[in-house]
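Structure file query_4.txt; described as compact mmCIF, C-alpha atoms.
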```
# COMPACT_ATOMS: atom_id res chain seq x y z
CA MET A 1 0.00 0.00 0.00
CA SER A 2 1.34 3.45 -0.92
CA ALA A 3 2.09 6.08 1.72
CA VAL A 4 -0.73 8.23 0.37
CA ALA A 5 -3.22 5.37 0.56
CA GLU A 6 -2.06 4.60 4.08
CA ALA A 7 -2.50 8.23 5.08
CA LYS A 8 -6.03 8.41 3.69
CA LYS A 9 -7.25 5.71 6.04
CA THR A 10 -5.39 7.06 9.07
CA ARG A 11 -6.92 9.47 11.57
CA VAL A 12 -4.39 11.71 13.33
CA LEU A 13 -4.89 13.76 16.45
CA CYS A 14 -2.84 16.93 16.01
CA GLY A 15 -1.81 18.87 19.10
CA MET A 16 -2.59 22.54 18.42
CA SER A 17 -0.77 25.14 20.52
CA GLY A 18 -2.00 28.16 18.62
CA GLY A 19 1.45 28.76 17.11
CA VAL A 20 2.80 28.57 13.60
CA ASP A 21 4.51 25.19 14.06
CA SER A 22 1.41 23.23 15.06
CA SER A 23 -0.63 25.11 12.44
CA ALA A 24 1.80 24.10 9.69
CA THR A 25 1.84 20.56 11.05
CA ALA A 26 -1.93 20.24 10.64
CA ALA A 27 -1.77 21.70 7.13
CA LEU A 28 1.01 19.31 6.06
CA LEU A 29 -0.88 16.29 7.41
CA ILE A 30 -3.98 17.26 5.42
CA GLU A 31 -1.83 17.70 2.32
CA GLN A 32 -0.43 14.19 2.88
CA GLY A 33 -3.96 12.74 2.96
CA TYR A 34 -4.50 12.13 6.67
CA GLU A 35 -7.82 12.69 8.41
CA VAL A 36 -6.80 15.35 10.92
CA VAL A 37 -8.49 16.27 14.18
CA GLY A 38 -7.15 19.31 16.01
CA VAL A 39 -6.87 19.26 19.80
CA THR A 40 -5.69 21.85 22.29
CA LEU A 41 -4.99 20.67 25.82
CA LYS A 42 -6.23 23.32 28.24
CA LEU A 43 -3.36 23.25 30.69
CA TRP A 44 -3.51 26.51 32.55
CA PRO A 45 -4.90 26.74 36.09
CA GLN A 46 -7.37 29.60 36.44
CA ASP A 47 -4.86 31.84 38.25
CA CYS A 48 -2.42 31.42 35.37
CA VAL A 49 -4.65 32.98 32.72
CA SER A 50 -3.57 36.58 33.30
CA ARG A 51 0.09 35.60 33.28
CA ALA A 52 -0.12 33.45 30.14
CA GLU A 53 -2.60 35.37 28.00
CA ASP A 54 -0.66 34.89 24.75
CA LYS A 55 1.28 31.71 25.57
CA CYS A 56 0.61 28.12 24.49
CA CYS A 57 -1.42 27.56 27.64
CA GLY A 58 -3.42 30.80 27.32
CA PRO A 59 -6.82 31.85 25.96
CA GLN A 60 -5.40 33.64 22.91
CA ALA A 61 -3.66 30.42 21.88
CA VAL A 62 -6.98 28.58 22.03
CA SER A 63 -8.63 31.23 19.87
CA ASP A 64 -5.83 31.02 17.30
CA ALA A 65 -5.87 27.21 17.23
CA ARG A 66 -9.64 27.15 16.76
CA SER A 67 -9.36 29.69 13.94
CA VAL A 68 -6.68 27.64 12.16
CA CYS A 69 -8.76 24.46 12.36
CA ALA A 70 -11.83 26.28 11.01
CA ASN A 71 -9.72 27.62 8.13
CA LEU A 72 -8.41 24.12 7.38
CA GLY A 73 -11.90 22.60 7.66
CA ILE A 74 -11.08 20.08 10.38
CA ARG A 75 -12.71 19.20 13.69
CA TYR A 76 -11.36 20.91 16.79
CA TYR A 77 -11.58 20.03 20.48
CA LEU A 78 -10.46 21.89 23.60
CA ILE A 79 -9.78 19.35 26.36
CA ASP A 80 -9.23 20.27 29.99
CA GLU A 81 -6.04 18.70 31.34
CA ALA A 82 -5.27 21.37 33.95
CA GLU A 83 -5.30 18.89 36.84
CA ASP A 84 -2.63 16.67 35.29
CA PHE A 85 -0.60 19.71 34.25
CA GLN A 86 -0.67 20.99 37.81
CA LYS A 87 0.43 17.60 39.14
CA HIS A 88 3.03 16.50 36.60
CA VAL A 89 4.49 19.85 35.53
CA ILE A 90 3.83 22.77 37.87
CA GLN A 91 4.10 20.84 41.15
CA TYR A 92 7.15 18.99 39.83
CA PHE A 93 8.67 22.36 38.88
CA ALA A 94 8.19 23.66 42.44
CA ASP A 95 9.33 20.45 44.14
CA GLU A 96 12.57 20.32 42.15
CA TYR A 97 13.52 23.89 43.03
CA LYS A 98 12.76 23.23 46.70
CA ALA A 99 15.04 20.17 46.57
CA GLY A 100 17.92 22.22 45.19
CA ARG A 101 17.57 20.87 41.66
CA THR A 102 16.96 22.65 38.36
CA PRO A 103 13.75 21.32 36.76
CA ASN A 104 13.01 20.78 33.09
CA PRO A 105 9.23 21.16 32.80
CA CYS A 106 9.12 20.85 29.00
CA VAL A 107 10.41 17.25 29.14
CA MET A 108 7.80 16.36 31.75
CA CYS A 109 5.03 18.05 29.77
CA ASN A 110 5.95 16.08 26.65
CA GLU A 111 6.16 12.78 28.52
CA HIS A 112 2.99 13.08 30.60
CA LEU A 113 0.72 15.42 28.63
CA LYS A 114 1.56 15.67 24.93
CA PHE A 115 2.55 12.03 24.58
CA GLY A 116 0.61 10.72 27.56
CA ARG A 117 -2.84 12.23 27.88
CA LEU A 118 -2.93 13.14 24.19
CA ILE A 119 -2.49 9.47 23.25
CA GLU A 120 -5.33 8.55 25.61
CA ARG A 121 -7.52 11.16 23.92
CA ALA A 122 -6.50 9.77 20.53
CA ASP A 123 -7.75 6.34 21.59
CA GLN A 124 -11.05 7.86 22.69
CA LEU A 125 -11.47 9.62 19.33
CA GLY A 126 -10.40 6.61 17.25
CA ALA A 127 -7.12 8.14 16.07
CA ASP A 128 -4.20 5.87 15.20
CA LYS A 129 -1.51 8.53 15.47
CA ILE A 130 -0.75 11.80 17.22
CA ALA A 131 1.20 14.66 15.71
CA THR A 132 2.94 17.70 17.17
CA GLY A 133 4.93 20.60 15.80
CA HIS A 134 8.25 19.42 17.20
CA PHE A 135 11.32 19.68 14.99
CA ALA A 136 12.32 16.01 15.28
CA ARG A 137 12.09 12.78 13.29
CA VAL A 138 10.92 9.25 14.07
CA GLU A 139 12.01 6.25 12.03
CA GLN A 140 11.58 2.51 12.53
CA ASP A 141 14.67 0.31 12.48
CA GLU A 142 13.93 -2.44 9.94
CA THR A 143 16.27 -4.87 11.70
CA THR A 144 15.19 -4.50 15.32
CA GLY A 145 11.71 -3.09 14.81
CA ARG A 146 12.41 -0.38 17.37
CA TYR A 147 11.38 3.22 16.79
CA LEU A 148 14.27 5.68 16.61
CA LEU A 149 14.29 9.35 17.51
CA LYS A 150 16.48 11.58 15.35
CA ARG A 151 17.36 15.24 15.28
CA GLY A 152 15.30 17.56 13.12
CA ARG A 153 16.96 18.61 9.86
CA ASP A 154 17.01 22.22 11.05
CA GLU A 155 19.70 21.95 13.72
CA ARG A 156 18.89 25.44 15.03
CA LYS A 157 15.36 24.34 15.92
CA ASP A 158 15.97 20.70 16.83
CA GLN A 159 13.83 19.75 19.86
CA THR A 160 14.87 16.14 20.49
CA TYR A 161 16.46 17.17 23.80
CA PHE A 162 12.93 17.61 25.18
CA LEU A 163 11.76 14.24 23.81
CA PHE A 164 14.47 11.88 25.07
CA SER A 165 12.23 10.27 27.71
CA LEU A 166 9.59 9.03 25.25
CA ARG A 167 9.03 5.27 25.33
CA GLN A 168 8.63 2.93 22.37
CA ASP A 169 4.84 2.85 22.68
CA GLN A 170 4.78 6.65 22.51
CA LEU A 171 7.25 6.97 19.63
CA SER A 172 5.33 4.35 17.64
CA ARG A 173 2.27 6.62 17.65
CA ALA A 174 4.10 9.90 16.93
CA LEU A 175 4.27 11.90 13.71
CA PHE A 176 6.58 14.91 13.35
CA PRO A 177 5.86 16.47 9.94
CA LEU A 178 8.27 19.34 10.61
CA GLY A 179 11.22 16.99 11.09
CA GLU A 180 12.42 17.57 7.54
CA LYS A 181 11.53 21.29 7.51
CA THR A 182 13.15 24.55 8.56
CA LYS A 183 11.42 27.27 10.53
CA ASP A 184 11.12 29.33 7.36
CA ASP A 185 9.45 26.37 5.66
CA THR A 186 6.77 26.22 8.36
CA ARG A 187 5.93 29.90 7.92
CA ASP A 188 5.73 29.40 4.15
CA VAL A 189 3.29 26.52 4.65
CA ALA A 190 1.12 28.64 6.96
CA ARG A 191 1.17 31.60 4.55
CA HIS A 192 0.26 29.37 1.61
CA CYS A 193 -2.79 28.19 3.58
CA ASN A 194 -3.65 31.75 4.70
CA LEU A 195 -3.40 30.83 8.36
CA LYS A 196 -3.46 33.68 10.87
CA THR A 197 -0.50 32.23 12.78
CA ALA A 198 1.92 32.47 9.83
CA ASP A 199 3.81 35.44 11.25
CA LYS A 200 3.10 34.87 14.92
CA GLU A 201 6.16 35.28 17.13
CA GLU A 202 7.36 32.25 19.04
CA SER A 203 8.00 32.22 22.76
CA MET A 204 11.25 30.91 24.19
CA GLU A 205 9.99 31.08 27.76
CA ILE A 206 8.34 28.44 29.92
CA CYS A 207 4.66 28.80 29.12
CA PHE A 208 3.45 29.26 32.69
CA VAL A 209 6.31 31.62 33.63
CA PRO A 210 6.04 34.20 30.82
CA ASP A 211 8.32 36.78 32.45
CA ASN A 212 11.07 34.22 33.18
CA ASP A 213 10.86 35.12 36.88
CA TYR A 214 10.80 31.58 38.31
CA GLY A 215 11.07 32.70 41.91
CA GLY A 216 8.31 35.24 41.49
CA PHE A 217 6.06 32.62 39.92
CA LEU A 218 6.63 30.18 42.77
CA GLU A 219 5.75 32.86 45.32
CA LYS A 220 2.68 34.17 43.49
CA ALA A 221 1.37 30.64 42.97
CA GLY A 222 1.80 29.81 46.65
CA LEU A 223 4.29 27.06 45.83
CA ALA A 224 7.20 28.54 47.77
CA GLU A 225 7.73 31.12 50.45
CA LYS A 226 10.84 32.92 51.63
CA HIS A 227 12.83 31.18 54.37
CA ARG A 228 16.14 32.51 55.58
CA GLY A 229 19.30 30.47 55.20
CA GLU A 230 23.06 30.84 54.96
CA ILE A 231 25.26 31.54 51.97
CA VAL A 232 28.61 29.84 52.67
CA ASP A 233 31.93 29.32 50.92
CA LEU A 234 33.60 25.96 50.33
CA GLN A 235 35.07 26.04 53.83
CA GLY A 236 31.63 26.58 55.37
CA ARG A 237 32.22 30.19 56.35
CA VAL A 238 29.05 32.28 56.35
CA LEU A 239 29.26 35.08 53.77
CA GLY A 240 25.65 36.20 53.81
CA HIS A 241 22.06 35.01 53.84
CA HIS A 242 19.42 34.02 51.32
CA ASP A 243 15.61 33.85 51.25
CA GLY A 244 15.34 30.25 50.00
CA ILE A 245 17.44 27.92 47.85
CA GLU A 246 14.59 27.65 45.32
CA PHE A 247 15.37 31.21 44.21
CA TYR A 248 18.90 30.29 43.05
CA THR A 249 20.43 28.24 40.26
CA ILE A 250 23.79 26.51 39.76
CA GLY A 251 26.25 28.86 38.10
CA GLN A 252 24.43 32.01 39.20
CA ARG A 253 26.67 35.01 39.84
CA LYS A 254 24.42 38.04 40.04
CA GLY A 255 21.97 38.79 42.82
CA LEU A 256 23.83 36.96 45.59
CA GLY A 257 23.93 40.02 47.81
CA ILE A 258 27.45 39.34 49.07
CA SER A 259 30.77 41.07 48.49
CA ALA A 260 34.10 39.36 47.84
CA PRO A 261 37.45 40.33 46.29
CA ASN A 262 36.79 37.91 43.39
CA PRO A 263 33.54 36.90 41.65
CA LEU A 264 31.64 34.07 43.36
CA TYR A 265 29.22 31.63 41.74
CA VAL A 266 26.59 29.25 43.10
CA LEU A 267 28.22 25.82 43.26
CA GLU A 268 25.67 23.83 45.25
CA LEU A 269 22.15 24.13 46.65
CA ASN A 270 21.91 22.10 49.84
CA ALA A 271 18.24 21.54 50.64
CA GLU A 272 18.92 19.52 53.81
CA GLU A 273 20.89 22.34 55.42
CA ASN A 274 19.09 25.16 53.56
CA ARG A 275 22.45 26.46 52.36
CA VAL A 276 23.70 28.07 49.18
CA VAL A 277 27.35 27.16 48.60
CA VAL A 278 29.41 29.59 46.53
CA GLY A 279 32.95 29.60 45.21
CA PRO A 280 35.27 30.65 42.36
CA VAL A 281 34.42 29.96 38.74
CA GLU A 282 36.96 27.14 38.39
CA ASN A 283 34.95 25.08 40.89
CA LEU A 284 31.97 25.15 38.55
CA GLU A 285 33.71 22.77 36.14
CA SER A 286 33.34 18.99 36.33
CA ASP A 287 34.03 16.04 34.06
CA THR A 288 32.19 13.21 35.83
CA PHE A 289 28.63 12.91 37.08
CA THR A 290 25.77 10.43 37.43
CA VAL A 291 22.40 10.31 35.70
CA GLU A 292 19.38 8.32 36.85
CA ARG A 293 16.09 7.04 35.36
CA CYS A 294 17.79 6.43 32.03
CA ASN A 295 15.73 5.85 28.91
CA TRP A 296 17.44 4.03 26.03
CA ILE A 297 15.76 4.41 22.64
CA PRO A 298 17.52 2.20 20.02
CA PHE A 299 17.76 -0.78 22.39
CA GLU A 300 16.07 -2.29 25.41
CA ASN A 301 19.10 -2.19 27.69
CA VAL A 302 22.70 -1.00 27.61
CA THR A 303 25.39 -3.09 29.28
CA GLU A 304 28.57 -1.81 27.64
CA PRO A 305 30.13 1.68 27.69
CA LEU A 306 28.99 4.01 24.92
CA GLU A 307 30.83 6.82 23.15
CA VAL A 308 28.35 9.63 22.65
CA THR A 309 27.91 13.37 22.27
CA THR A 310 26.33 14.62 25.49
CA ARG A 311 24.12 17.67 26.03
CA ILE A 312 23.79 18.73 29.66
CA ARG A 313 21.11 21.37 28.99
CA TYR A 314 19.00 22.48 26.04
CA ASN A 315 21.23 25.32 24.84
CA HIS A 316 24.41 23.24 25.27
CA SER A 317 26.20 22.48 22.00
CA GLY A 318 27.31 19.06 23.25
CA THR A 319 30.61 17.44 24.17
CA MET A 320 32.03 13.96 23.72
CA ALA A 321 31.67 11.54 26.63
CA THR A 322 31.92 7.91 27.65
CA VAL A 323 28.75 6.64 29.33
CA GLU A 324 28.94 3.62 31.63
CA PRO A 325 25.47 2.23 32.48
CA ASP A 326 24.68 0.10 35.52
CA GLU A 327 21.82 -2.30 36.29
CA ASN A 328 19.72 0.18 38.25
CA GLY A 329 18.72 2.54 35.48
CA ARG A 330 21.66 4.82 36.23
CA ALA A 331 24.82 5.67 34.33
CA THR A 332 28.12 7.40 35.00
CA VAL A 333 29.06 10.06 32.46
CA HIS A 334 32.76 10.77 31.84
CA LEU A 335 33.11 13.95 29.80
CA HIS A 336 36.16 14.17 27.57
CA GLU A 337 36.35 17.87 28.42
CA PRO A 338 35.13 19.39 31.71
CA GLN A 339 31.96 21.47 31.48
CA ARG A 340 30.67 24.34 33.58
CA ALA A 341 27.53 24.44 35.75
CA ILE A 342 26.30 20.84 35.48
CA ALA A 343 23.02 21.18 37.34
CA PRO A 344 21.29 18.36 39.25
CA GLY A 345 17.73 17.92 38.00
CA GLN A 346 18.51 18.83 34.40
CA ALA A 347 18.09 16.36 31.55
CA CYS A 348 21.27 14.89 30.07
CA VAL A 349 20.77 13.57 26.52
CA PHE A 350 23.10 11.32 24.53
CA TYR A 351 23.55 11.41 20.74
CA GLN A 352 25.42 9.50 18.07
CA ASP A 353 25.38 11.78 15.02
CA ASP A 354 21.68 12.61 14.57
CA LEU A 355 20.41 9.59 16.54
CA VAL A 356 19.16 10.09 20.09
CA VAL A 357 20.66 7.19 22.01
CA GLY A 358 18.84 8.08 25.21
CA GLY A 359 19.34 10.12 28.33
CA GLY A 360 18.69 10.52 32.01
CA TRP A 361 18.43 13.05 34.83
CA ILE A 362 21.53 14.54 36.41
CA THR A 363 21.87 13.70 40.11
CA ARG A 364 23.71 15.62 42.81
```
Rewrite the coordinates I just gave you, this time as structure tokens.
Amino acid sequence: MSAVAEAKKTRVLCGMSGGVDSSATAALLIEQGYEVVGVTLKLWPQDCVSRAEDKCCGPQAVSDARSVCANLGIRYYLIDEAEDFQKHVIQYFADEYKAGRTPNPCVMCNEHLKFGRLIERADQLGADKIATGHFARVEQDETTGRYLLKRGRDERKDQTYFLFSLRQDQLSRALFPLGEKTKDDTRDVARHCNLKTADKEESMEICFVPDNDYGGFLEKAGLAEKHRGEIVDLQGRVLGHHDGIEFYTIGQRKGLGISAPNPLYVLELNAEENRVVVGPVENLESDTFTVERCNWIPFENVTEPLEVTTRIRYNHSGTMATVEPDENGRATVHLHEPQRAIAPGQACVFYQDDLVVGGGWITR
């Protein structure tokens, strides 16, 4: 059966964020012959509406997504998933900061909402596949039968870092029509279809923290409150005080409120002792750390060391490393070159060329 014939009998649930990427995704799927149903997951809690008016979890996004679907002539549903979003993303976000870790809410949102609840909704609506506007690719290995995750062709927009935790059952249902496209291509598709989102600006912020003020969000949402603690150096000497470790990040220099002859950086956030540990920039570098809750994509398990390119945060260009897995879902990462500000709680993703080998979560 041809790909076109296969598409014509396949119903796809397309996640619509109200942006140009998801709009172009829906248009491309229709062009390829799929039966497309547009869905927006209503994720915002009521008190988030004023802060996220024009974000992917805001009312304007819903209006734009509905308009695009009407223009394309496809069904559209708005589905309330605010409770799960609060539990799996916002509460996780707060808990990680309180524990002295740096959270990555986009990975959790993809795992639990966009490729969790959205798949459940697809089953309810009789859809075989789900599609999103991520710049990534999925291919099936003809030898092993496993589904592989690969970088998007547009390396500037590649979003596989945020998708590393997806399981085989999730990848097998996923379509990423933008995987072979550039950002300019997506705008051209939207313009060709006269979609109102064609020239809409994209947001680089976390959707529920539109001003990038994480500490302010935690306070306003009642998820954290100020509690006095000590700022100490590597010898334990008290240099000043802080209002809560959740308001600091590894590598931070500004806003410490302390004076010293040389610049000091946040090296550690100790939740047990409610302490912020600071020191010179050279102490920010490390070449060995541990990751937990590993997810391996091309294979079921890994028992031998792997040579990979490792990204320790989304905007990290990557560095070569040797990864030694153990039997408990953990792995030790040996970087070939030390890196600065490796933050516990962040995702660490492993690549071999454009293939996502897997990844895990950086531990203290």
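Nearest to Leu43 of chain A of all the residues A:Asp123, A:Asp64, A:Asp21, A:Glu83 is A:Glu83, based on all atoms listed in the file.
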Name the closest residue to Leu178 of chain A among the candidates A:His316, A:Lys220, A:Arg253, A:Arg137; distances are taken between atoms, counting all atoms listed in the file.
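Between A:His316, A:Lys220, A:Arg253, A:Arg137, the residue approaching Leu178 of chain A most closely is A:Arg137.
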Kindly indicate which residue among A:Glu246, A:Asp233, A:Glu292, A:Glu205 lies nearest to Glu96 of chain A, using all atoms listed in the file for the distances.
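Closest to Glu96 of chain A of all the choices is A:Glu246.
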Work out how far apart atom CA of Gln170 of chain A and atom CA of Thr144 of chain A are and give it in Å to one decimal.
16.9 Å
Would you please work out which residue, of A:Ile206, A:Leu166, A:Val277, A:Ala224, is nearest to Val238 of chain A when using only C-alpha atoms?
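Ranking A:Ile206, A:Leu166, A:Val277, A:Ala224 by distance to Val238 of chain A, first place goes to A:Val277.
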Would you pick out the contacts of Phe85 of chain A at 10 Å or less, using all atoms listed in the file, so that residues sharing its chain but fewer than 6 positions from it are not included, and give the list as a short mmCIF file (atom, residue, chain, number, x, y, z; two decimals) with C-alpha atoms, in the coordinates of the input?
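Writing the result to out03.cif gives the following:
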```cif
data_model
loop_
_atom_site.label_atom_id
_atom_site.label_comp_id
_atom_site.auth_asym_id
_atom_site.auth_seq_id
_atom_site.Cartn_x
_atom_site.Cartn_y
_atom_site.Cartn_z
CA LEU A 41 -4.99 20.67 25.82
CA LYS A 42 -6.23 23.32 28.24
CA LEU A 43 -3.36 23.25 30.69
CA TRP A 44 -3.51 26.51 32.55
CA PRO A 45 -4.90 26.74 36.09
CA GLN A 91 4.10 20.84 41.15
CA TYR A 92 7.15 18.99 39.83
CA MET A 108 7.80 16.36 31.75
CA CYS A 109 5.03 18.05 29.77
CA HIS A 112 2.99 13.08 30.60
CA LEU A 113 0.72 15.42 28.63
#
```
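Minimum atom-to-atom distance to Thr186 of chain A, evaluated using all atoms listed in the file, belongs to A:Gly133 out of A:Pro344, A:Pro103, A:Gly133, A:Gly215.
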Atom CA of Thr40 of chain A to atom CA of Leu78 of chain A, straight-line distance in Å:
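Taking atom CA of Leu78 of chain A and atom CA of Thr40 of chain A, their separation equals 4.9 Å.
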Between atom CA of Ile250 of chain A and atom CA of Glu268 of chain A, distance in Å (one decimal)
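Atom CA of Glu268 of chain A lies at a distance of 6.4 Å from atom CA of Ile250 of chain A.
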I'd like the contact shell of Gln235 of chain A - 12 Å cut-off, all atoms listed in the file, skipping same-chain residues fewer than 4 positions apart - returned as a ChimeraX atom specification.
/A:231,239,277-279
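Counting all atoms listed in the file and comparing A:Asp184, A:Asp211, A:Ile312, A:His227, the residue that lies closest to Ala198 of chain A is A:Asp184.
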Residues within 7 Å of Val36 of chain A, please, as a PyMOL selection string. Count only C-alpha atoms; anything in the same chain fewer than 4 positions from it doesn't count.
chain A and resi 11-14+26+29-30+74
Is it possible to get the axis-aligned box enclosing segment 307-323 of chain A (all listed atoms, 8 Å extra per side) as AutoDock Vina command-line options, with centre and edge lengths in Å rounded to one decimal?
```
--center_x 25.5 --center_y 16.0 --center_z 25.8 --size_x 29.0 --size_y 34.7 --size_z 23.7
```
